[in-house]
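Colleague: Just one file: model_32.txt, with compact mmCIF, C-alpha atoms.
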```txt
# COMPACT_ATOMS: atom_id res chain seq x y z
CA MET N 1 106.06 -36.77 -24.89
CA LEU N 2 104.86 -40.32 -24.78
CA ASP N 3 103.24 -41.52 -21.58
CA GLU N 4 103.01 -45.01 -20.14
CA LEU N 5 99.78 -45.75 -22.01
CA ASP N 6 101.42 -44.81 -25.33
CA ARG N 7 104.28 -47.15 -24.50
CA SER N 8 101.79 -49.95 -23.74
CA ILE N 9 100.15 -49.37 -27.13
CA ILE N 10 103.57 -49.44 -28.84
CA ARG N 11 104.38 -52.73 -27.08
CA GLN N 12 101.21 -54.21 -28.61
CA LEU N 13 101.54 -52.72 -32.10
CA GLN N 14 105.12 -53.96 -32.49
CA GLU N 15 103.68 -57.49 -32.26
CA ASP N 16 101.01 -58.94 -34.55
CA LEU N 17 97.63 -57.27 -34.97
CA PRO N 18 94.86 -59.82 -34.34
CA ILE N 19 93.19 -60.75 -37.63
CA VAL N 20 89.63 -60.18 -36.46
CA ARG N 21 86.93 -57.66 -37.46
CA ASN N 22 87.71 -55.25 -34.61
CA PRO N 23 91.44 -55.65 -33.85
CA TYR N 24 91.77 -52.35 -31.97
CA LYS N 25 88.81 -53.24 -29.76
CA VAL N 26 90.57 -56.46 -28.76
CA LEU N 27 93.85 -54.65 -28.04
CA SER N 28 92.19 -51.80 -26.14
CA GLY N 29 90.37 -54.37 -23.99
CA HIS N 30 93.71 -55.82 -22.87
CA LEU N 31 94.75 -52.36 -21.68
CA GLY N 32 91.41 -51.56 -20.09
CA ILE N 33 90.74 -48.48 -22.24
CA SER N 34 88.07 -47.70 -24.82
CA GLU N 35 88.46 -48.54 -28.48
CA ASP N 36 88.04 -44.84 -29.33
CA GLU N 37 90.90 -43.84 -27.04
CA TYR N 38 93.08 -46.59 -28.53
CA ILE N 39 92.39 -45.49 -32.11
CA LYS N 40 92.90 -41.83 -31.23
CA ARG N 41 96.31 -42.54 -29.70
CA THR N 42 97.39 -44.86 -32.51
CA LYS N 43 96.47 -42.21 -35.08
CA TYR N 44 98.53 -39.69 -33.10
CA LEU N 45 101.53 -42.05 -33.19
CA ALA N 46 101.15 -42.53 -36.94
CA GLU N 47 100.52 -38.86 -37.81
CA ASN N 48 103.51 -37.74 -35.77
CA SER N 49 105.84 -40.32 -37.34
CA PHE N 50 106.47 -42.37 -34.22
CA ILE N 51 105.08 -45.13 -36.42
CA ARG N 52 107.13 -45.03 -39.63
CA ARG N 53 104.90 -47.46 -41.43
CA PHE N 54 101.78 -49.26 -40.36
CA GLY N 55 100.87 -52.41 -42.21
CA ALA N 56 102.20 -55.72 -43.42
CA ALA N 57 105.90 -56.60 -43.39
CA LEU N 58 106.40 -59.03 -46.26
CA ASN N 59 108.86 -61.83 -46.77
CA HIS N 60 110.84 -60.59 -49.77
CA ARG N 61 112.26 -63.98 -50.57
CA SER N 62 108.89 -65.65 -50.90
CA LEU N 63 107.86 -62.88 -53.32
CA GLY N 64 110.74 -63.67 -55.65
CA PHE N 65 113.11 -60.91 -54.50
CA SER N 66 115.69 -63.53 -53.68
CA ALA N 67 118.84 -61.49 -54.30
CA ASN N 68 119.51 -58.59 -51.99
CA ALA N 69 122.74 -56.74 -52.57
CA MET N 70 124.28 -54.18 -50.26
CA ALA N 71 125.87 -51.78 -52.72
CA VAL N 72 128.53 -49.55 -51.18
CA TRP N 73 129.78 -46.46 -53.03
CA ILE N 74 132.66 -44.02 -52.71
CA VAL N 75 131.17 -40.56 -53.11
CA PRO N 76 132.82 -37.19 -52.40
CA ASP N 77 131.24 -35.92 -49.15
CA GLU N 78 130.13 -32.64 -50.69
CA LYS N 79 128.17 -34.52 -53.36
CA ALA N 80 126.69 -37.15 -51.05
CA GLU N 81 123.42 -35.31 -50.49
CA ASP N 82 122.58 -34.92 -54.19
CA ILE N 83 123.77 -38.37 -55.16
CA GLY N 84 122.00 -40.03 -52.23
CA LYS N 85 118.72 -38.54 -53.42
CA ILE N 86 119.25 -39.84 -56.95
CA MET N 87 120.07 -43.32 -55.68
CA ALA N 88 117.00 -43.28 -53.43
CA SER N 89 114.80 -42.55 -56.45
CA PHE N 90 115.43 -46.01 -57.91
CA LYS N 91 112.47 -48.24 -57.10
CA GLU N 92 114.75 -51.27 -56.62
CA VAL N 93 116.57 -49.42 -53.81
CA SER N 94 114.85 -49.96 -50.45
CA HIS N 95 117.37 -48.23 -48.18
CA CYS N 96 119.86 -45.46 -48.85
CA TYR N 97 122.17 -44.01 -46.19
CA GLN N 98 125.29 -41.90 -45.94
CA ARG N 99 127.70 -43.35 -43.36
CA PRO N 100 131.21 -42.45 -42.18
CA ALA N 101 134.25 -43.79 -44.03
CA PHE N 102 137.25 -45.29 -42.24
CA GLU N 103 140.80 -46.16 -43.09
CA GLY N 104 140.44 -49.47 -44.88
CA TRP N 105 136.74 -48.77 -45.49
CA PRO N 106 136.36 -45.90 -47.98
CA TYR N 107 132.70 -46.54 -48.87
CA ASN N 108 130.38 -43.85 -47.55
CA LEU N 109 127.04 -44.35 -49.36
CA PHE N 110 125.04 -47.53 -48.78
CA THR N 111 122.09 -48.77 -50.82
CA MET N 112 120.14 -51.99 -50.48
CA ILE N 113 119.21 -53.26 -53.92
CA HIS N 114 116.50 -55.88 -54.36
CA GLY N 115 116.38 -58.06 -57.42
CA LYS N 116 115.40 -61.49 -58.58
CA SER N 117 119.04 -62.52 -59.23
CA HIS N 118 122.62 -61.34 -58.72
CA ASP N 119 122.71 -60.40 -62.42
CA GLU N 120 119.68 -58.20 -61.99
CA CYS N 121 121.22 -56.47 -58.94
CA GLU N 122 124.44 -55.87 -60.89
CA LYS N 123 122.53 -54.34 -63.80
CA ILE N 124 120.66 -52.02 -61.45
CA ALA N 125 123.95 -50.97 -59.84
CA GLU N 126 125.39 -50.23 -63.30
CA LEU N 127 122.38 -48.05 -64.11
CA ILE N 128 122.78 -46.20 -60.80
CA GLY N 129 126.47 -45.74 -61.60
CA GLU N 130 125.68 -44.31 -65.03
CA LYS N 131 123.05 -41.94 -63.68
CA THR N 132 125.21 -40.63 -60.82
CA GLY N 133 128.67 -40.83 -62.39
CA ILE N 134 129.89 -42.82 -59.40
CA ASN N 135 132.00 -45.72 -60.63
CA LYS N 136 133.76 -46.78 -57.44
CA TYR N 137 131.47 -49.28 -55.83
CA ARG N 138 131.06 -52.87 -54.75
CA LEU N 139 128.13 -55.19 -54.34
CA ILE N 140 128.22 -57.25 -51.18
CA TYR N 141 125.84 -60.17 -50.81
CA SER N 142 124.72 -61.86 -47.66
CA THR N 143 125.60 -65.54 -47.72
CA LYS N 144 123.98 -66.48 -44.42
CA GLU N 145 121.36 -64.96 -42.16
CA PHE N 146 122.37 -65.25 -38.50
CA LYS N 147 119.49 -63.19 -37.16
CA LYS N 148 116.52 -61.21 -38.41
CA THR N 149 114.06 -59.88 -35.85
CA SER N 150 111.96 -56.80 -35.42
CA MET N 151 113.00 -54.51 -32.61
CA LYS N 152 111.06 -54.71 -29.35
CA TYR N 153 110.82 -51.29 -27.75
CA PHE N 154 110.04 -50.52 -24.13
CA VAL N 155 110.51 -54.06 -22.91
CA GLU N 156 112.41 -55.17 -19.85
CA ASP N 157 116.23 -54.81 -19.94
CA ASN N 158 115.91 -52.45 -22.87
CA MET N 159 114.65 -49.15 -21.45
CA MET A 1 99.09 -66.18 -54.71
CA ASP A 2 96.63 -64.81 -57.23
CA LEU A 3 95.86 -61.33 -58.54
CA ILE A 4 93.62 -60.51 -55.56
CA ASP A 5 96.39 -61.53 -53.12
CA SER A 6 98.85 -59.23 -54.93
CA GLN A 7 96.42 -56.30 -54.79
CA LEU A 8 95.71 -57.00 -51.15
CA LEU A 9 99.44 -57.08 -50.29
CA ASN A 10 100.08 -53.81 -52.10
CA ILE A 11 97.24 -52.17 -50.14
CA ILE A 12 98.09 -53.48 -46.67
CA GLN A 13 101.84 -52.84 -46.95
CA LYS A 14 101.25 -49.17 -46.24
CA ASP A 15 98.60 -47.18 -44.45
CA PHE A 16 96.71 -50.07 -42.95
CA PRO A 17 93.49 -48.40 -41.71
CA ILE A 18 93.49 -47.21 -38.11
CA ASP A 19 89.76 -47.47 -37.74
CA SER A 20 87.23 -49.57 -35.86
CA LYS A 21 86.75 -51.96 -38.81
CA PRO A 22 89.96 -51.85 -40.87
CA PHE A 23 89.29 -55.04 -42.83
CA GLU A 24 85.89 -53.78 -43.92
CA ILE A 25 87.53 -50.61 -45.29
CA ILE A 26 89.98 -52.74 -47.29
CA ALA A 27 87.12 -54.96 -48.48
CA ASN A 28 85.24 -51.92 -49.77
CA ILE A 29 88.30 -50.65 -51.64
CA MET A 30 88.77 -54.05 -53.28
CA ASN A 31 85.13 -54.87 -53.85
CA ILE A 32 85.31 -58.18 -51.98
CA THR A 33 83.79 -59.21 -48.65
CA GLU A 34 85.31 -58.53 -45.24
CA ASP A 35 85.37 -62.30 -44.61
CA GLU A 36 87.40 -62.85 -47.75
CA VAL A 37 89.92 -60.17 -46.70
CA LEU A 38 90.28 -61.82 -43.29
CA SER A 39 90.69 -65.32 -44.68
CA ARG A 40 93.18 -64.22 -47.36
CA ILE A 41 95.32 -62.37 -44.80
CA ARG A 42 95.25 -65.38 -42.46
CA LYS A 43 96.35 -67.60 -45.35
CA LEU A 44 99.18 -65.22 -46.41
CA LYS A 45 100.42 -65.12 -42.82
CA LYS A 46 100.30 -68.90 -42.53
CA GLU A 47 102.29 -69.22 -45.76
CA GLY A 48 104.90 -66.80 -44.40
CA ILE A 49 104.38 -64.24 -47.16
CA ILE A 50 103.24 -61.75 -44.53
CA ARG A 51 105.87 -61.81 -41.78
CA ARG A 52 103.96 -59.50 -39.47
CA LEU A 53 101.04 -57.11 -39.54
CA GLY A 54 101.58 -54.17 -37.24
CA GLY A 55 103.60 -51.02 -36.70
CA ILE A 56 107.16 -50.32 -37.74
CA PHE A 57 108.49 -47.63 -35.46
CA ASP A 58 111.00 -44.81 -35.89
CA SER A 59 113.65 -45.79 -33.37
CA LYS A 60 115.04 -42.25 -33.15
CA LYS A 61 111.60 -40.76 -32.41
CA LEU A 62 111.19 -43.29 -29.61
CA GLY A 63 114.48 -42.12 -28.10
CA TYR A 64 116.60 -45.05 -29.27
CA VAL A 65 119.94 -45.01 -31.10
CA SER A 66 120.71 -47.25 -34.06
CA THR A 67 123.76 -48.17 -36.08
CA LEU A 68 125.26 -50.63 -38.56
CA CYS A 69 128.46 -52.44 -37.60
CA ALA A 70 130.90 -54.47 -39.66
CA VAL A 71 133.31 -56.99 -38.16
CA LYS A 72 136.42 -58.46 -39.68
CA VAL A 73 137.00 -61.77 -37.94
CA GLN A 74 139.10 -64.83 -38.78
CA PRO A 75 137.08 -67.31 -40.89
CA GLN A 76 137.36 -70.05 -38.28
CA LYS A 77 135.88 -67.71 -35.65
CA ILE A 78 132.85 -66.56 -37.68
CA GLU A 79 130.24 -68.92 -36.24
CA GLU A 80 131.32 -68.34 -32.66
CA ALA A 81 131.44 -64.56 -33.09
CA ALA A 82 128.06 -64.44 -34.84
CA ALA A 83 126.48 -66.53 -32.07
CA PHE A 84 127.91 -64.21 -29.42
CA ILE A 85 126.73 -61.10 -31.28
CA ASN A 86 123.24 -62.64 -31.55
CA THR A 87 122.96 -62.95 -27.77
CA PHE A 88 122.36 -59.20 -27.47
CA ASN A 89 118.66 -58.34 -27.77
CA GLU A 90 119.68 -55.02 -29.29
CA VAL A 91 121.03 -56.84 -32.36
CA THR A 92 118.12 -56.97 -34.81
CA HIS A 93 119.80 -58.19 -38.03
CA ASN A 94 123.02 -60.13 -38.43
CA TYR A 95 124.45 -61.49 -41.70
CA LEU A 96 127.49 -63.24 -43.06
CA ARG A 97 128.65 -61.30 -46.12
CA ASP A 98 131.14 -62.01 -48.90
CA ASN A 99 133.59 -59.31 -47.88
CA GLU A 100 136.76 -59.01 -45.79
CA PHE A 101 134.40 -57.51 -43.20
CA ASN A 102 132.50 -60.75 -42.94
CA ILE A 103 129.90 -60.15 -40.23
CA TRP A 104 127.44 -57.26 -40.53
CA PHE A 105 124.87 -56.47 -37.88
CA THR A 106 122.44 -53.73 -36.94
CA LEU A 107 122.00 -52.47 -33.40
CA ILE A 108 119.16 -50.53 -31.81
CA ALA A 109 119.77 -49.57 -28.18
CA TYR A 110 118.43 -47.15 -25.60
CA SER A 111 121.62 -45.10 -25.53
CA GLN A 112 124.94 -44.45 -27.25
CA GLU A 113 126.67 -45.72 -24.11
CA ARG A 114 124.88 -49.06 -24.41
CA ILE A 115 126.03 -49.37 -28.04
CA GLN A 116 129.63 -48.70 -26.96
CA GLU A 117 129.29 -51.25 -24.17
CA ILE A 118 128.07 -53.95 -26.58
CA LEU A 119 130.89 -53.22 -29.05
CA GLU A 120 133.45 -53.34 -26.25
CA ARG A 121 132.12 -56.69 -25.07
CA ILE A 122 132.42 -58.13 -28.58
CA GLN A 123 135.92 -56.69 -28.96
CA GLY A 124 136.84 -58.03 -25.52
CA LYS A 125 135.76 -61.56 -26.37
CA PHE A 126 137.32 -61.61 -29.85
CA SER A 127 140.40 -59.52 -29.30
CA ASP A 128 141.86 -59.80 -32.80
CA CYS A 129 138.67 -58.81 -34.63
CA ILE A 130 138.24 -55.36 -36.14
CA ILE A 131 134.87 -53.66 -35.63
CA ILE A 132 133.79 -50.56 -37.51
CA ASN A 133 130.77 -48.62 -36.32
CA LEU A 134 128.85 -46.98 -39.19
CA PRO A 135 125.97 -44.88 -37.80
CA SER A 136 124.00 -43.11 -40.52
CA LYS A 137 124.94 -39.47 -41.12
CA ASN A 138 122.14 -38.92 -43.60
CA LEU A 139 119.06 -40.94 -44.41
CA PHE A 140 117.74 -40.74 -47.96
CA LYS A 141 115.36 -43.67 -48.03
CA ILE A 142 114.26 -46.39 -45.70
CA ASN A 143 112.25 -49.54 -46.07
CA VAL A 144 109.96 -48.46 -48.83
CA ASN A 145 107.47 -51.07 -49.93
CA LEU A 146 108.29 -53.39 -52.76
CA ASN A 147 105.76 -53.60 -55.52
CA VAL A 148 104.17 -57.03 -55.51
CA SER A 149 103.87 -57.91 -59.15
CA ASP A 150 100.85 -59.65 -60.61
CA GLU A 151 102.94 -62.23 -62.42
```
Produce structure tokens that represent the structure in this file.
Modeller:
Amino acid sequence: MLDELDRSIIRQLQEDLPIVRNPYKVLSGHLGISEDEYIKRTKYLAENSFIRRFGAALNHRSLGFSANAMAVWIVPDEKAEDIGKIMASFKEVSHCYQRPAFEGWPYNLFTMIHGKSHDECEKIAELIGEKTGINKYRLIYSTKEFKKTSMKYFVEDNM
Amino acid sequence: MDLIDSQLLNIIQKDFPIDSKPFEIIANIMNITEDEVLSRIRKLKKEGIIRRLGGIFDSKKLGYVSTLCAVKVQPQKIEEAAAFINTFNEVTHNYLRDNEFNIWFTLIAYSQERIQEILERIQGKFSDCIIINLPSKNLFKINVNLNVSDE
């Protein structure tokens, strides 16, 4: 179980790490604990997967990955597990989920495909289709970003 | 962006050192000075190539619930609906997409009840929209790092 000190550390680490020689010393000072204690607890959070990834979040667009397609696939439920794993193995796929289907929305596997153009995304989707034998799919592109933030945990009005 | 920047980005995207002097560790791996690592990271942040340096948390492990929602709303109502959806702090991503379900957003909230409450408030305000709630049943891959090429 996480205690209040862990939650304070999470509140800091979900913001920006100070770019100084001893960033954890600075952060631990704000909480009034030792640097050693701070590092020990942060390692615990990382080793026990509370932290999924620790490091830099990059701006994909400025790195040339300007086309991001949400590919949605119709896959028989009993095959979803195997096919999901194959789709996840493509390096251009950053996210792969199985989700429920609805009347009017038959697509149950979702992959985010990153490419440098729509053409490139479409080619990757074709390759995925060939490898998995799934030919019922659509690529859906975002045409406007209304919001993109990182989640703030354990803050007021959200606990 | 030069070759050293690309190498640096590939290293710090994952497993940033949790150690008293993390930038010195990176400097030693790359055979450059700690000062150079610090100044390059500051520059990459200033240029917006690094959005944030910190932790990305597993919402489920922290006791939160997440989902993806799609909304079918009349074209003339899109902007108003998107703005209303954005007012909830629990909405982390929100996009217009080229589909009959034209607004897609992700939600992370402290409980399933809170997610239902938010969806009901959106439905209440835009009574003729159709909202589908698509929580993941199975996760095969999430947010793996993209290789920064040396081109």
Colleague: Do you know which residues are at most 10 Å from A:Lys72 counting all atoms listed in the file, after dropping those on the same chain fewer than 5 positions away, and could you put them as a ChimeraX atom specification?
Modeller: /A:78,99-104,128-132
Colleague: When you get a sec, could you note down which chain N residues fall within 6 Å of chain A, using all atoms listed in the file, as a PDB file with C-alpha atoms, keeping the file's coordinate frame?
Modeller:
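After the write, result-v3.pdb holds the following:
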```
ATOM      1  CA  LEU N  13     101.540 -52.720 -32.100  1.00  0.00           C
ATOM      2  CA  GLN N  14     105.120 -53.960 -32.490  1.00  0.00           C
ATOM      3  CA  ASP N  16     101.010 -58.940 -34.550  1.00  0.00           C
ATOM      4  CA  LEU N  17      97.630 -57.270 -34.970  1.00  0.00           C
ATOM      5  CA  ARG N  21      86.930 -57.660 -37.460  1.00  0.00           C
ATOM      6  CA  ASN N  22      87.710 -55.250 -34.610  1.00  0.00           C
ATOM      7  CA  PHE N  50     106.470 -42.370 -34.220  1.00  0.00           C
ATOM      8  CA  ILE N  51     105.080 -45.130 -36.420  1.00  0.00           C
ATOM      9  CA  ARG N  52     107.130 -45.030 -39.630  1.00  0.00           C
ATOM     10  CA  ARG N  53     104.900 -47.460 -41.430  1.00  0.00           C
ATOM     11  CA  PHE N  54     101.780 -49.260 -40.360  1.00  0.00           C
ATOM     12  CA  GLY N  55     100.870 -52.410 -42.210  1.00  0.00           C
ATOM     13  CA  ALA N  56     102.200 -55.720 -43.420  1.00  0.00           C
ATOM     14  CA  ALA N  57     105.900 -56.600 -43.390  1.00  0.00           C
ATOM     15  CA  LEU N  58     106.400 -59.030 -46.260  1.00  0.00           C
ATOM     16  CA  ASN N  59     108.860 -61.830 -46.770  1.00  0.00           C
ATOM     17  CA  LYS N  85     118.720 -38.540 -53.420  1.00  0.00           C
ATOM     18  CA  ALA N  88     117.000 -43.280 -53.430  1.00  0.00           C
ATOM     19  CA  SER N  94     114.850 -49.960 -50.450  1.00  0.00           C
ATOM     20  CA  HIS N  95     117.370 -48.230 -48.180  1.00  0.00           C
ATOM     21  CA  CYS N  96     119.860 -45.460 -48.850  1.00  0.00           C
ATOM     22  CA  TYR N  97     122.170 -44.010 -46.190  1.00  0.00           C
ATOM     23  CA  GLN N  98     125.290 -41.900 -45.940  1.00  0.00           C
ATOM     24  CA  ARG N  99     127.700 -43.350 -43.360  1.00  0.00           C
ATOM     25  CA  PRO N 100     131.210 -42.450 -42.180  1.00  0.00           C
ATOM     26  CA  TYR N 141     125.840 -60.170 -50.810  1.00  0.00           C
ATOM     27  CA  SER N 142     124.720 -61.860 -47.660  1.00  0.00           C
ATOM     28  CA  THR N 143     125.600 -65.540 -47.720  1.00  0.00           C
ATOM     29  CA  LYS N 144     123.980 -66.480 -44.420  1.00  0.00           C
ATOM     30  CA  GLU N 145     121.360 -64.960 -42.160  1.00  0.00           C
ATOM     31  CA  PHE N 146     122.370 -65.250 -38.500  1.00  0.00           C
ATOM     32  CA  LYS N 147     119.490 -63.190 -37.160  1.00  0.00           C
ATOM     33  CA  LYS N 148     116.520 -61.210 -38.410  1.00  0.00           C
ATOM     34  CA  THR N 149     114.060 -59.880 -35.850  1.00  0.00           C
ATOM     35  CA  MET N 159     114.650 -49.150 -21.450  1.00  0.00           C
TER      36      MET N 159
END
```
Colleague: Rounded to one decimal in Å, what is the spacing between atom CA of A:Gln7 and atom CA of A:Ile26?
Modeller: 10.5 Å
Colleague: Between atom CA of A:Ala70 and atom CA of N:Ile74, what distance in Å does the model show, to one decimal?
Modeller: 16.8 Å
Colleague: Can you work out the spacing between atom CA of N:Asn48 and atom CA of N:Asp3 in Å, to one decimal?
Modeller: 14.7 Å
Colleague: Using only C-alpha atoms, which of N:Ile128, N:Gly133, N:Leu45, N:Gln12 sits nearest N:Gly29?
Modeller: N:Gln12
Colleague: Restricting the calculation to all atoms listed in the file: of N:Ala101, N:Ile86, N:Ala67, N:Leu31, which residue gets closest to N:Ser117?
Modeller: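 Closest to N:Ser117 of all the choices is N:Ala67.
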Colleague: Could you name the residues that touch N:Leu139 at 7 Å or less, counting all atoms listed in the file, but leaving out those on the same chain fewer than 4 positions away, as an MDAnalysis selection string?
Modeller: chainID N and resid 69:72
Colleague: Considering only C-alpha atoms, state which residue in the set N:Ser49, N:Thr111, N:Ser62, N:Ser8 is at the smallest distance from N:Met87.
Modeller: N:Thr111
